[in-house]
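Visitor: Below is work-v1.txt; it holds compact mmCIF, C-alpha atoms.
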```txt
# COMPACT_ATOMS: atom_id res chain seq x y z
CA MET A 1 5.46 -19.61 -9.44
CA SER A 2 7.85 -19.08 -12.32
CA ASP A 3 11.31 -20.68 -12.54
CA LEU A 4 12.74 -17.59 -14.24
CA ARG A 5 15.90 -16.08 -12.74
CA ASP A 6 16.92 -13.42 -15.26
CA PRO A 7 15.99 -9.83 -14.26
CA ALA A 8 17.25 -8.33 -17.56
CA PRO A 9 16.62 -5.71 -18.84
CA TYR A 10 16.43 -4.42 -15.27
CA ASP A 11 19.62 -3.56 -13.45
CA ALA A 12 18.01 -2.48 -10.14
CA LEU A 13 14.83 -2.55 -8.08
CA LEU A 14 13.60 0.58 -6.29
CA LEU A 15 11.44 0.17 -3.19
CA LEU A 16 9.34 3.35 -3.30
CA SER A 17 7.41 4.30 -0.18
CA PHE A 18 5.72 7.14 1.67
CA GLY A 19 8.25 7.90 4.39
CA GLY A 20 7.69 9.03 7.96
CA PRO A 21 9.20 11.13 10.75
CA GLU A 22 12.02 9.77 12.90
CA GLY A 23 11.45 12.01 15.94
CA PRO A 24 9.34 14.88 17.35
CA ASP A 25 11.26 17.56 15.47
CA ASP A 26 10.53 15.78 12.19
CA VAL A 27 6.74 15.63 12.49
CA VAL A 28 5.77 19.11 11.26
CA PRO A 29 8.38 19.21 8.45
CA PHE A 30 7.25 15.75 7.36
CA LEU A 31 3.59 16.80 7.28
CA ALA A 32 4.59 19.96 5.42
CA ASN A 33 6.12 17.71 2.76
CA VAL A 34 2.96 15.58 2.60
CA THR A 35 0.66 18.61 2.26
CA ARG A 36 2.93 20.84 0.16
CA GLY A 37 0.99 23.26 -2.02
CA ARG A 38 -2.20 23.18 0.07
CA GLY A 39 -1.38 26.21 2.23
CA ILE A 40 -1.98 24.45 5.55
CA PRO A 41 -0.65 26.54 8.50
CA GLU A 42 1.88 25.12 10.93
CA GLU A 43 -0.56 25.11 13.86
CA ARG A 44 -2.91 22.90 11.87
CA LEU A 45 -0.03 20.56 11.01
CA LYS A 46 0.77 20.23 14.72
CA GLU A 47 -2.84 19.29 15.37
CA VAL A 48 -2.87 16.78 12.52
CA GLY A 49 0.39 15.31 13.81
CA LYS A 50 -0.85 14.64 17.33
CA HIS A 51 -0.97 10.89 16.77
CA TYR A 52 2.73 10.92 15.81
CA PHE A 53 3.58 12.74 19.03
CA LEU A 54 1.80 10.00 21.00
CA PHE A 55 4.50 7.63 19.71
CA GLY A 56 7.49 9.88 20.32
CA GLY A 57 7.22 11.47 16.88
CA VAL A 58 8.42 8.27 15.25
CA SER A 59 6.54 6.54 12.46
CA PRO A 60 7.15 2.79 12.26
CA ILE A 61 7.12 2.85 8.46
CA ASN A 62 10.82 3.49 7.96
CA ALA A 63 11.90 0.56 10.13
CA GLN A 64 9.34 -1.61 8.38
CA ASN A 65 10.68 -0.62 4.98
CA GLN A 66 14.19 -1.44 6.15
CA ALA A 67 12.94 -4.88 7.19
CA LEU A 68 11.29 -5.37 3.80
CA LEU A 69 14.46 -4.17 2.08
CA GLY A 70 16.42 -6.83 3.96
CA ALA A 71 13.85 -9.51 3.14
CA LEU A 72 13.98 -8.66 -0.57
CA ARG A 73 17.75 -8.75 -0.68
CA GLU A 74 17.81 -12.07 1.17
CA ASP A 75 15.18 -13.58 -1.12
CA PHE A 76 16.89 -12.38 -4.30
CA ALA A 77 20.27 -13.71 -3.16
CA GLY A 78 18.76 -17.02 -2.09
CA HIS A 79 17.16 -17.54 -5.51
CA GLY A 80 20.05 -16.48 -7.68
CA VAL A 81 18.54 -13.18 -8.78
CA ASP A 82 21.40 -10.71 -9.21
CA LEU A 83 19.58 -7.42 -8.74
CA PRO A 84 20.48 -4.66 -6.28
CA VAL A 85 17.62 -3.19 -4.25
CA TYR A 86 17.45 0.50 -3.32
CA TRP A 87 14.96 2.43 -1.19
CA GLY A 88 13.50 5.93 -1.64
CA ASN A 89 10.55 7.84 -0.13
CA ARG A 90 8.13 10.47 -1.32
CA ASN A 91 8.04 12.54 1.86
CA TRP A 92 11.07 11.81 4.05
CA ALA A 93 14.63 10.57 3.93
CA PRO A 94 15.86 8.70 2.03
CA TYR A 95 14.17 10.97 -0.51
CA LEU A 96 13.27 9.58 -3.91
CA THR A 97 15.37 12.08 -5.88
CA ASP A 98 18.44 11.39 -3.75
CA THR A 99 18.02 7.64 -4.22
CA LEU A 100 17.56 7.93 -7.99
CA ARG A 101 20.64 10.16 -8.17
CA GLU A 102 22.60 7.49 -6.28
CA MET A 103 21.28 4.83 -8.63
CA VAL A 104 22.33 6.60 -11.82
CA GLN A 105 25.72 7.39 -10.30
CA ASP A 106 26.01 3.64 -9.64
CA GLY A 107 25.35 3.05 -13.35
CA ARG A 108 21.69 1.94 -13.09
CA ARG A 109 19.77 2.73 -16.25
CA ARG A 110 16.69 0.45 -16.25
CA ILE A 111 14.85 0.37 -12.93
CA ALA A 112 11.88 -1.68 -11.78
CA VAL A 113 9.83 0.12 -9.12
CA LEU A 114 7.82 -1.47 -6.32
CA ALA A 115 5.48 1.00 -4.59
CA THR A 116 4.32 0.09 -1.10
CA SER A 117 0.70 0.48 -2.20
CA ALA A 118 -1.04 -2.56 -3.61
CA TYR A 119 -4.20 -1.04 -5.09
CA ALA A 120 -5.22 1.36 -7.84
CA SER A 121 -5.92 4.96 -6.83
CA TYR A 122 -4.50 8.42 -7.40
CA SER A 123 -2.66 8.52 -4.06
CA GLY A 124 -1.67 4.85 -4.29
CA CYS A 125 -0.39 4.84 -7.87
CA ARG A 126 -0.47 7.94 -10.06
CA GLN A 127 0.92 10.21 -7.34
CA TYR A 128 3.92 7.90 -7.04
CA ARG A 129 4.30 8.11 -10.81
CA GLU A 130 4.14 11.91 -10.62
CA ASN A 131 6.87 11.85 -7.96
CA LEU A 132 9.00 9.68 -10.22
CA ALA A 133 8.54 12.09 -13.13
CA ALA A 134 9.44 15.08 -10.95
CA SER A 135 12.59 13.34 -9.69
CA LEU A 136 13.63 12.34 -13.20
CA ALA A 137 13.17 15.95 -14.29
CA GLU A 138 15.51 17.03 -11.48
CA LEU A 139 18.15 14.55 -12.61
CA GLU A 140 17.77 15.79 -16.18
CA ALA A 141 18.19 19.40 -15.03
CA GLU A 142 21.38 18.39 -13.21
CA GLY A 143 22.77 16.92 -16.42
CA LEU A 144 22.64 13.36 -15.13
CA PRO A 145 21.52 10.36 -17.19
CA VAL A 146 17.78 9.79 -16.94
CA PRO A 147 17.02 6.12 -16.28
CA ARG A 148 13.93 4.34 -17.52
CA VAL A 149 11.63 3.43 -14.64
CA ASP A 150 8.90 0.78 -14.85
CA LYS A 151 6.42 0.52 -11.99
CA LEU A 152 5.48 -3.08 -11.22
CA ARG A 153 1.82 -4.03 -11.55
CA HIS A 154 -0.64 -3.78 -8.67
CA TYR A 155 -0.16 -6.84 -6.47
CA PHE A 156 -3.32 -6.71 -4.35
CA ASN A 157 -4.36 -10.18 -5.56
CA HIS A 158 -0.96 -11.84 -5.81
CA PRO A 159 -0.88 -15.02 -3.67
CA GLY A 160 2.23 -13.81 -1.86
CA PHE A 161 0.32 -10.75 -0.68
CA VAL A 162 -3.01 -12.42 0.06
CA ARG A 163 -1.96 -15.66 1.78
CA PRO A 164 -0.16 -13.96 4.69
CA MET A 165 -3.33 -11.93 5.31
CA VAL A 166 -5.41 -15.11 5.34
CA ASP A 167 -3.11 -16.51 8.01
CA GLY A 168 -3.39 -13.25 9.95
CA VAL A 169 -7.19 -13.45 10.01
CA LEU A 170 -7.10 -17.10 11.06
CA ALA A 171 -4.67 -16.30 13.89
CA SER A 172 -6.86 -13.43 15.07
CA LEU A 173 -9.97 -15.61 15.06
CA ALA A 174 -8.14 -18.28 17.03
CA ASP A 175 -7.11 -15.64 19.58
CA LEU A 176 -10.70 -14.62 20.29
CA PRO A 177 -12.45 -16.18 23.30
CA GLU A 178 -13.97 -19.46 22.22
CA ASP A 179 -17.49 -18.45 23.23
CA VAL A 180 -17.55 -15.53 20.75
CA ARG A 181 -15.33 -16.88 17.99
CA ALA A 182 -17.95 -18.53 15.79
CA GLY A 183 -20.14 -15.41 15.80
CA ALA A 184 -17.39 -12.94 14.97
CA HIS A 185 -17.58 -10.51 12.07
CA LEU A 186 -14.67 -9.60 9.80
CA ALA A 187 -14.04 -5.91 9.15
CA PHE A 188 -11.72 -5.52 6.17
CA CYS A 189 -10.07 -2.13 6.62
CA THR A 190 -8.47 0.22 4.14
CA HIS A 191 -7.66 3.91 3.79
CA SER A 192 -10.66 6.06 3.03
CA ILE A 193 -10.31 8.34 0.02
CA PRO A 194 -12.71 10.91 -1.49
CA THR A 195 -15.51 9.18 -3.36
CA ALA A 196 -14.64 11.22 -6.46
CA ALA A 197 -11.11 9.79 -6.37
CA ALA A 198 -12.44 6.28 -5.84
CA ASP A 199 -14.91 6.60 -8.72
CA THR A 200 -12.10 7.50 -11.15
CA SER A 201 -9.57 4.94 -9.89
CA GLY A 202 -8.08 2.46 -12.32
CA PRO A 203 -8.41 2.46 -16.12
CA VAL A 204 -11.25 4.48 -17.65
CA GLU A 205 -13.40 1.40 -18.24
CA THR A 206 -13.47 0.71 -14.47
CA HIS A 207 -14.57 4.22 -13.47
CA GLY A 208 -17.79 4.77 -11.55
CA ASP A 209 -19.25 3.48 -8.26
CA GLY A 210 -15.99 3.18 -6.38
CA GLY A 211 -13.89 2.36 -9.43
CA ALA A 212 -11.04 -0.10 -9.30
CA TYR A 213 -10.11 0.93 -5.74
CA VAL A 214 -13.28 -0.47 -4.17
CA ALA A 215 -13.60 -3.39 -6.60
CA GLU A 216 -10.05 -4.60 -5.88
CA HIS A 217 -10.52 -4.47 -2.10
CA LEU A 218 -13.84 -6.29 -2.32
CA ASP A 219 -12.29 -9.02 -4.44
CA VAL A 220 -9.44 -9.55 -1.97
CA ALA A 221 -11.89 -9.64 0.93
CA ARG A 222 -13.91 -12.38 -0.81
CA VAL A 223 -10.77 -14.43 -1.43
CA ILE A 224 -9.86 -14.20 2.26
CA VAL A 225 -13.38 -15.08 3.41
CA ASP A 226 -13.39 -18.12 1.13
CA ALA A 227 -9.97 -19.24 2.39
CA VAL A 228 -11.04 -18.80 6.01
CA ARG A 229 -14.16 -20.87 5.33
CA GLU A 230 -12.04 -23.67 3.88
CA GLU A 231 -9.93 -23.70 7.05
CA THR A 232 -12.68 -23.26 9.67
CA GLY A 233 -15.86 -24.48 8.03
CA ILE A 234 -17.48 -21.12 8.86
CA THR A 235 -18.53 -18.40 6.44
CA TYR A 236 -17.92 -15.33 8.58
CA PRO A 237 -20.02 -12.21 7.91
CA TRP A 238 -17.86 -9.36 6.64
CA GLN A 239 -17.79 -5.83 5.32
CA LEU A 240 -15.25 -3.50 3.70
CA VAL A 241 -14.78 -0.48 5.98
CA TYR A 242 -12.58 2.58 5.96
CA GLN A 243 -10.26 4.57 8.21
CA SER A 244 -7.85 7.51 8.29
CA ARG A 245 -10.21 10.03 6.71
CA SER A 246 -8.77 13.54 6.40
CA GLY A 247 -9.67 16.71 4.55
CA ALA A 248 -12.65 19.04 4.50
CA PRO A 249 -15.79 17.56 6.12
CA HIS A 250 -18.09 18.68 3.27
CA ILE A 251 -16.25 16.46 0.74
CA PRO A 252 -17.72 12.93 0.56
CA TRP A 253 -15.28 10.14 1.45
CA LEU A 254 -15.71 6.38 1.39
CA GLU A 255 -17.69 5.02 4.34
CA PRO A 256 -18.41 3.46 6.81
CA ASP A 257 -15.63 4.45 9.17
CA ILE A 258 -14.31 1.56 11.25
CA CYS A 259 -15.34 3.14 14.57
CA ASP A 260 -18.88 3.79 13.32
CA HIS A 261 -18.97 0.23 12.02
CA LEU A 262 -18.02 -1.18 15.42
CA GLU A 263 -20.86 0.77 17.02
CA THR A 264 -23.30 -0.58 14.43
CA LEU A 265 -22.17 -4.16 14.95
CA ARG A 266 -22.40 -3.88 18.72
CA GLY A 267 -25.93 -2.51 18.37
CA GLU A 268 -26.81 -5.56 16.27
CA GLY A 269 -25.54 -7.89 18.98
CA VAL A 270 -22.38 -9.04 17.21
CA PRO A 271 -20.17 -10.70 19.86
CA ALA A 272 -16.68 -10.01 18.41
CA VAL A 273 -14.84 -8.46 15.47
CA VAL A 274 -11.59 -9.12 13.66
CA MET A 275 -10.19 -5.98 12.02
CA ALA A 276 -8.16 -6.99 8.95
CA PRO A 277 -6.14 -4.10 7.43
CA ILE A 278 -6.01 -5.45 3.88
CA GLY A 279 -5.32 -2.02 2.39
CA PHE A 280 -1.89 -1.67 4.00
CA VAL A 281 1.43 -3.35 3.34
CA SER A 282 2.81 -2.84 6.87
CA ASP A 283 1.84 -1.77 10.39
CA HIS A 284 2.56 1.91 9.80
CA MET A 285 0.98 4.85 11.63
CA GLU A 286 -2.50 4.51 10.11
CA VAL A 287 -2.66 0.97 11.47
CA LEU A 288 -0.91 1.72 14.75
CA TYR A 289 -3.09 4.73 15.59
CA ASP A 290 -6.39 4.38 13.74
CA LEU A 291 -6.86 0.67 14.46
CA ASP A 292 -4.65 -0.30 17.39
CA THR A 293 -5.39 2.91 19.30
CA GLU A 294 -8.64 4.62 18.25
CA ALA A 295 -10.68 1.66 17.03
CA THR A 296 -9.48 -0.61 19.82
CA ALA A 297 -10.42 2.06 22.38
CA LYS A 298 -13.86 2.39 20.78
CA ALA A 299 -14.33 -1.37 20.99
CA ALA A 300 -13.34 -1.36 24.67
CA GLU A 301 -15.85 1.43 25.32
CA LEU A 302 -18.51 -0.71 23.63
CA GLY A 303 -17.49 -3.86 25.48
CA LEU A 304 -16.82 -5.52 22.13
CA PRO A 305 -13.97 -8.03 21.90
CA VAL A 306 -11.74 -7.19 18.90
CA ARG A 307 -8.53 -8.48 17.39
CA ARG A 308 -6.45 -6.84 14.69
CA SER A 309 -4.86 -9.18 12.16
CA ALA A 310 -1.34 -8.70 10.85
CA THR A 311 -0.32 -6.89 7.70
CA VAL A 312 2.06 -8.54 5.26
CA GLY A 313 5.15 -6.55 6.25
CA ALA A 314 8.38 -8.40 5.50
CA ASP A 315 6.78 -11.84 5.28
CA PRO A 316 9.04 -14.10 3.15
CA ARG A 317 6.07 -14.95 0.95
CA PHE A 318 5.66 -11.28 0.09
CA ALA A 319 9.36 -10.95 -0.67
CA ALA A 320 9.02 -13.96 -2.96
CA ALA A 321 6.01 -12.33 -4.61
CA VAL A 322 8.06 -9.21 -5.35
CA ARG A 323 10.74 -11.39 -6.94
CA GLU A 324 8.08 -13.00 -9.09
CA LEU A 325 6.68 -9.60 -10.07
CA VAL A 326 10.12 -8.39 -11.14
CA LEU A 327 10.90 -11.54 -13.10
CA GLU A 328 7.51 -11.69 -14.84
CA ARG A 329 7.84 -8.04 -15.90
CA ALA A 330 11.41 -8.65 -17.07
CA ALA A 331 10.28 -11.62 -19.16
CA THR A 332 7.44 -9.55 -20.62
CA GLU A 333 9.87 -6.76 -21.54
CA ARG A 334 12.04 -9.36 -23.29
CA GLY A 335 9.02 -10.57 -25.25
CA GLN A 336 8.76 -13.94 -23.50
CA PRO A 337 5.49 -15.53 -22.34
CA VAL A 338 5.08 -15.77 -18.57
CA ARG A 339 2.39 -16.93 -16.16
CA ARG A 340 1.06 -14.04 -14.08
CA CYS A 341 -0.15 -15.11 -10.64
CA ALA A 342 -3.44 -13.68 -9.34
CA LEU A 343 -6.23 -14.83 -7.04
CA GLY A 344 -9.88 -13.83 -7.18
CA SER A 345 -12.02 -12.78 -10.12
CA LEU A 346 -10.20 -9.71 -11.45
CA GLY A 347 -7.06 -11.30 -12.82
CA PRO A 348 -3.59 -9.73 -12.95
CA SER A 349 -3.40 -5.97 -13.26
CA HIS A 350 -1.93 -4.07 -16.20
CA ASP A 351 1.81 -3.46 -16.47
CA LEU A 352 1.50 0.00 -18.00
CA CYS A 353 -1.00 2.49 -16.57
CA PRO A 354 -3.18 3.65 -19.49
CA VAL A 355 -4.12 7.23 -20.29
CA GLY A 356 -6.92 8.38 -17.97
CA CYS A 357 -5.99 5.92 -15.21
CA CYS A 358 -6.49 7.42 -11.70
CA PRO A 359 -6.50 11.02 -12.99
CA ALA A 360 -5.34 13.96 -10.88
CA ARG A 361 -7.45 17.06 -10.31
CA ALA A 362 -4.54 19.14 -11.62
CA PRO A 363 -2.71 17.02 -14.19
CA LYS A 364 1.05 16.65 -13.80
CA PRO A 365 3.58 14.61 -15.76
CA ALA A 366 3.69 11.01 -14.56
CA ALA A 367 6.38 8.45 -15.35
CA ALA A 368 5.93 4.71 -15.91
CA GLY A 369 2.66 4.97 -17.79
CA ALA A 370 1.30 5.27 -21.31
CA ASP A 371 1.38 9.06 -20.93
CA SER A 372 4.91 9.20 -19.53
CA PRO A 373 7.22 11.95 -20.84
CA TYR A 374 10.10 9.51 -20.31
CA ALA A 375 10.25 6.50 -22.63
```
Show me, as structure tokens, the structure contained in the file I just sent.
Guide:
Amino acid sequence: MSDLRDPAPYDALLLLSFGGPEGPDDVVPFLANVTRGRGIPEERLKEVGKHYFLFGGVSPINAQNQALLGALREDFAGHGVDLPVYWGNRNWAPYLTDTLREMVQDGRRRIAVLATSAYASYSGCRQYRENLAASLAELEAEGLPVPRVDKLRHYFNHPGFVRPMVDGVLASLADLPEDVRAGAHLAFCTHSIPTAAADTSGPVETHGDGGAYVAEHLDVARVIVDAVREETGITYPWQLVYQSRSGAPHIPWLEPDICDHLETLRGEGVPAVVMAPIGFVSDHMEVLYDLDTEATAKAAELGLPVRRSATVGADPRFAAAVRELVLERAATERGQPVRRCALGSLGPSHDLCPVGCCPARAPKPAAAGADSPYA
């Protein structure tokens, strides 16, 4: 870890997330925001939102972001990093444009951005950059100063993101009955996306056969498996699996689905499974419903003991990792050499998304990249 403390040229950090409904009346408007431009009727949105209604219409993501916000502020203050932290969402309050407007009114002009998505993909990176560009355009139209925004690099393989997940897997294994523990399989879970989107994820040179999205998840899974072996002496069998598929059934998405995978493992005589949601920063609705509800129910139906390991959430090690990401980027912007922490075989990700990285089907302006309309 670096000893740097100076966040200059940055004068603020923006925590940029997805957002979620806060009650039953919010569910359909929230989903309308998420699916804007696709022409999905309200009745279909109500059907899609049924898992939110099971939990009182409240997504846990907002409370989890508030916890992370508090952890970041505490970590920064405790390490002498004088940098205010703001929070804005793509799809629900506090909305990104409102937060950026507040930031410029507070005098912020150079903003580092942490997206709550660790991996390369259109929905996990470029779409956030498109949202930033759209919000900056709104500020410009209002006659407000347009700040420079720099999205921090992908942190999927930063030790502060990976180590808490290793501990989560170890805790889940320890919680399994002793007679099935040694024979357990590890199912590393992430959000399924269309295979076409996966194949074009990351820089152009990584495109094809799952692109950077699949490669990054596989690399993290291997790091965790190796760390678990060092602690337990056992090399647990594992596979990368997917969840939360949506969209038209004729469009190919990444597979296998976690529930199908559990059926396959049970048919092969596997005695237990640990589901490790490595693709998610916190226990938001996709984890709460797709794993803790649907997949856990499927496992119970199969008579298969399962445990679900923890996501990183507001772990102090993750907060420290964010501080390191800010300070390394700040040093780079000042032209100073800095050590960039990364585990696994892929090395640290790029700071600036290159042209052609995670392309959209219908191109839109995107900030914080080599093709940004805002310097």
Visitor: Leu15 (chain A): which residues within 8 Å, counting only C-alpha atoms, same-chain residues fewer than 2 positions away excluded, as an mmCIF file with C-alpha atoms, keeping the file's coordinate frame?
Guide:
```
data_model
loop_
_atom_site.group_PDB
_atom_site.id
_atom_site.type_symbol
_atom_site.label_atom_id
_atom_site.label_comp_id
_atom_site.auth_asym_id
_atom_site.auth_seq_id
_atom_site.Cartn_x
_atom_site.Cartn_y
_atom_site.Cartn_z
ATOM 1 C CA LEU A 13 14.830 -2.550 -8.080
ATOM 2 C CA SER A 17 7.410 4.300 -0.180
ATOM 3 C CA LEU A 69 14.460 -4.170 2.080
ATOM 4 C CA VAL A 85 17.620 -3.190 -4.250
ATOM 5 C CA TYR A 86 17.450 0.500 -3.320
ATOM 6 C CA TRP A 87 14.960 2.430 -1.190
ATOM 7 C CA GLY A 88 13.500 5.930 -1.640
ATOM 8 C CA VAL A 113 9.830 0.120 -9.120
ATOM 9 C CA LEU A 114 7.820 -1.470 -6.320
ATOM 10 C CA ALA A 115 5.480 1.000 -4.590
ATOM 11 C CA THR A 116 4.320 0.090 -1.100
#
```
Visitor: For Pro60 (chain A), work out the shell of residues within 8 Å, counting all atoms listed in the file and skipping chain neighbours fewer than 5 positions away, then give it as a ChimeraX atom specification.
Guide: /A:20,283-285
Visitor: Now that the selection is made, can you save its residues with C-alpha atoms as a tab-separated table (two decimals), in the coordinates of the input?
Guide:
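Dumped to out14.tsv:
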```
chain	number	residue	atom	x	y	z
A	20	GLY	CA	7.69	9.03	7.96
A	283	ASP	CA	1.84	-1.77	10.39
A	284	HIS	CA	2.56	1.91	9.80
A	285	MET	CA	0.98	4.85	11.63
```
Visitor: Tell me, as a PDB file with C-alpha atoms, in the coordinates of the input, which residues lie within 8 Å of Pro84 (chain A), counting only C-alpha atoms; anything in the same chain fewer than 4 positions away does not count.
Guide:
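Saved to around.pdb:
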```
ATOM      1  CA  ASP A  11      19.620  -3.560 -13.450  1.00  0.00           C
ATOM      2  CA  ALA A  12      18.010  -2.480 -10.140  1.00  0.00           C
ATOM      3  CA  LEU A  13      14.830  -2.550  -8.080  1.00  0.00           C
ATOM      4  CA  ARG A  73      17.750  -8.750  -0.680  1.00  0.00           C
TER       5      ARG A  73
END
```
Visitor: Using only C-alpha atoms, find the one residue out of A:Val220, A:Cys259, A:Leu352, A:Cys357 that sits nearest to His207 (chain A).
Guide: A:Cys357
Visitor: Given all atoms listed in the file as the basis, pick out the residue of A:Thr296, A:Ala196, A:Val204, A:Pro237 nearest to Ile251 (chain A).
Guide: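 Counting all atoms listed in the file, the residue closest to Ile251 (chain A) is A:Ala196.
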Visitor: Point out the residue among A:Ala112, A:Ala32, A:Val104, A:Leu343 with the least atom-to-atom distance to Leu327 (chain A), counting only C-alpha atoms.
Guide: A:Ala112
Visitor: Can you work out which one of A:Val169, A:Val287, A:Leu16, A:Ala375 has the shortest atom-to-atom distance to Tyr128 (chain A), counting all atoms listed in the file?
Guide: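 Under the stated criterion, the closest residue is A:Leu16.
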Visitor: In Å to one decimal, how far is CA of Pro354 (chain A) from CA of Ala366 (chain A)?
Guide: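 Calculated distance between CA of Ala366 (chain A) and CA of Pro354 (chain A) is 11.2 Å.
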Visitor: Could you tell me which of A:Arg101, A:Arg181, A:Ser282, A:Tyr122 comes closest to Glu142 (chain A) if we count all atoms listed in the file?
Guide: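 Closest residue, counting all atoms listed in the file: A:Arg101.
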Visitor: Leaving out region 185-190 of chain A and any residue of its chain fewer than 4 positions from it, which residues lie within 10 Å of it when counting all atoms listed in the file, given as a compact mmCIF listing (two decimals) with C-alpha atoms, in the frame of the given file?
Guide:
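Below you can see out-v5.txt, which holds the result:
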```txt
# COMPACT_ATOMS: atom_id res chain seq x y z
CA VAL A 169 -7.19 -13.45 10.01
CA LEU A 173 -9.97 -15.61 15.06
CA ARG A 181 -15.33 -16.88 17.99
CA VAL A 214 -13.28 -0.47 -4.17
CA HIS A 217 -10.52 -4.47 -2.10
CA LEU A 218 -13.84 -6.29 -2.32
CA VAL A 220 -9.44 -9.55 -1.97
CA ALA A 221 -11.89 -9.64 0.93
CA ILE A 224 -9.86 -14.20 2.26
CA VAL A 225 -13.38 -15.08 3.41
CA THR A 235 -18.53 -18.40 6.44
CA TYR A 236 -17.92 -15.33 8.58
CA PRO A 237 -20.02 -12.21 7.91
CA TRP A 238 -17.86 -9.36 6.64
CA GLN A 239 -17.79 -5.83 5.32
CA LEU A 240 -15.25 -3.50 3.70
CA VAL A 241 -14.78 -0.48 5.98
CA TYR A 242 -12.58 2.58 5.96
CA GLN A 243 -10.26 4.57 8.21
CA SER A 244 -7.85 7.51 8.29
CA LEU A 254 -15.71 6.38 1.39
CA ASP A 257 -15.63 4.45 9.17
CA ILE A 258 -14.31 1.56 11.25
CA HIS A 261 -18.97 0.23 12.02
CA LEU A 262 -18.02 -1.18 15.42
CA LEU A 265 -22.17 -4.16 14.95
CA VAL A 270 -22.38 -9.04 17.21
CA PRO A 271 -20.17 -10.70 19.86
CA ALA A 272 -16.68 -10.01 18.41
CA VAL A 273 -14.84 -8.46 15.47
CA VAL A 274 -11.59 -9.12 13.66
CA MET A 275 -10.19 -5.98 12.02
CA ALA A 276 -8.16 -6.99 8.95
CA PRO A 277 -6.14 -4.10 7.43
CA ILE A 278 -6.01 -5.45 3.88
CA GLY A 279 -5.32 -2.02 2.39
CA PHE A 280 -1.89 -1.67 4.00
CA GLU A 286 -2.50 4.51 10.11
CA VAL A 287 -2.66 0.97 11.47
CA LEU A 291 -6.86 0.67 14.46
CA VAL A 306 -11.74 -7.19 18.90
CA ARG A 307 -8.53 -8.48 17.39
CA ARG A 308 -6.45 -6.84 14.69
CA SER A 309 -4.86 -9.18 12.16
```
Visitor: What is the CA of Tyr119 (chain A)-CA of Leu72 (chain A) distance in Å, reported with one decimal?
Guide: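 Result for CA of Tyr119 (chain A) versus CA of Leu72 (chain A): 20.2 Å, one decimal.
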Visitor: Let me make sure I understand: among A:Pro24, A:Gly208, A:Gly356, A:Gly347, which one has the smallest atom-to-atom distance to Gly56 (chain A) if we use only C-alpha atoms?
Guide: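 Ranked by minimum distance to Gly56 (chain A), first place goes to A:Pro24.
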Visitor: Could you pull the residues within 10 Å of Arg334 (chain A), counting all atoms listed in the file, minus those fewer than 3 positions along the same chain, as a list in words?
Guide: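 Within the cut-off, the hits are Pro7, Ala8, Pro9, Glu328, Arg329, Ala330, Ala331 and Pro337 of chain A.
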Visitor: Keeping C-alpha atoms, export the residues of the selection given above as a tab-separated table (two decimals), in the frame of the given file.
Guide:
```tsv
chain	number	residue	atom	x	y	z
A	7	PRO	CA	15.99	-9.83	-14.26
A	8	ALA	CA	17.25	-8.33	-17.56
A	9	PRO	CA	16.62	-5.71	-18.84
A	328	GLU	CA	7.51	-11.69	-14.84
A	329	ARG	CA	7.84	-8.04	-15.90
A	330	ALA	CA	11.41	-8.65	-17.07
A	331	ALA	CA	10.28	-11.62	-19.16
A	337	PRO	CA	5.49	-15.53	-22.34
```
Visitor: So what do you get for CA of Arg90 (chain A) versus CA of Met165 (chain A), distance-wise?
Guide: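 For CA of Arg90 (chain A) relative to CA of Met165 (chain A), the distance reads 26.0 Å.
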Visitor: Around the point (-7.4, 2.5, -3.7), in the coordinates given by the file, pick out the residues reaching within 10 Å, counting all atoms listed in the file, and return them as a ChimeraX atom specification.
Guide: /A:117-125,190-193,197-199,201-202,210-217,279,358
Visitor: Could you dump the residues just selected with C-alpha atoms as a compact mmCIF listing (two decimals), in the frame of the given file?
Guide:
```txt
# COMPACT_ATOMS: atom_id res chain seq x y z
CA SER A 117 0.70 0.48 -2.20
CA ALA A 118 -1.04 -2.56 -3.61
CA TYR A 119 -4.20 -1.04 -5.09
CA ALA A 120 -5.22 1.36 -7.84
CA SER A 121 -5.92 4.96 -6.83
CA TYR A 122 -4.50 8.42 -7.40
CA SER A 123 -2.66 8.52 -4.06
CA GLY A 124 -1.67 4.85 -4.29
CA CYS A 125 -0.39 4.84 -7.87
CA THR A 190 -8.47 0.22 4.14
CA HIS A 191 -7.66 3.91 3.79
CA SER A 192 -10.66 6.06 3.03
CA ILE A 193 -10.31 8.34 0.02
CA ALA A 197 -11.11 9.79 -6.37
CA ALA A 198 -12.44 6.28 -5.84
CA ASP A 199 -14.91 6.60 -8.72
CA SER A 201 -9.57 4.94 -9.89
CA GLY A 202 -8.08 2.46 -12.32
CA GLY A 210 -15.99 3.18 -6.38
CA GLY A 211 -13.89 2.36 -9.43
CA ALA A 212 -11.04 -0.10 -9.30
CA TYR A 213 -10.11 0.93 -5.74
CA VAL A 214 -13.28 -0.47 -4.17
CA ALA A 215 -13.60 -3.39 -6.60
CA GLU A 216 -10.05 -4.60 -5.88
CA HIS A 217 -10.52 -4.47 -2.10
CA GLY A 279 -5.32 -2.02 2.39
CA CYS A 358 -6.49 7.42 -11.70
```
